Amino acid sequence: MTVEEALDAVLAEAAGERVHWTVLWDRALRGGLIDPLADRDARSAFMRALSARAAAGAVEKVAPGTYLVPPAPG
């Protein structure tokens with residue numbers, strides 16, 4: 001699983017929540033979606049992907065490090 005896929009998975013799980021990036025990162029780690037020992041750049045890639053999602057409007061940055069994940073459609 002790529003870092004982007006892992007981020008998308010934790011964002012889907014957090015639908016409707018206001019969460020800090022560390023919570024998303026922790027969920028990805030605890031869920032075994034990301035192995036930072038296998039990919040030394042995983043955290044940076046995760047943050048870049050999250051920033052890209054915010055820039056694209058997929059999530060809303062509501063405070064420093066905190067994002068609002070829109071509710072799942074339907």
# chains A, B, ... in the order shown; residues from 1 in each chain; ligands from 1
$ residues_around --residues "Ile34 of chain A" --least-positions-apart "6" --cutoff "12 Å" --atoms "only C-alpha atoms" --output "list in words"
Met1, Thr2, Val3, Glu4, Glu5, Ala6, Leu7, Ala9, Val10, Leu24, Trp25, Asp26, Arg27, Ala28, Arg40, Asp41, Ala42, Arg43, Ala45 and Phe46 of chain A
$ select_by_dssp --residues "chain A" --states "helix (DSSP H, G or I)" --output "PyMOL selection string"
chain A and resi 3-13+21-30+42-56
$ closest_residue --among "A:Leu29, A:Gly16, A:Trp21, A:Pro36" --to "Ser51 of chain A" --atoms "only C-alpha atoms"
A:Trp21
$ closest_residue --among "A:Ala72, A:Val62, A:Ala54, A:Ala38" --to "Arg18 of chain A" --atoms "only C-alpha atoms"
A:Val62
$ closest_residue --among "A:Val23, A:Pro70, A:Leu33, A:Asp39" --to "Gly57 of chain A" --atoms "only C-alpha atoms"
A:Pro70
$ atom_distance --atom1 "atom CA of Val69 of chain A" --atom2 "atom CA of Ala55 of chain A"
13.1 Å
$ atom_distance --atom1 "atom CA of Met47 of chain A" --atom2 "atom CA of Ala15 of chain A"
18.2 Å
$ atom_distance --atom1 "atom CA of Leu68 of chain A" --atom2 "atom CA of Val19 of chain A"
6.4 Å
$ select_by_dssp --residues "segment 17-67 of chain A" --states "strand (DSSP E)" --output "list in words"
Arg18, Val19, His20, Glu60, Lys61, Val62, Ala63, Thr66 and Tyr67 of chain A
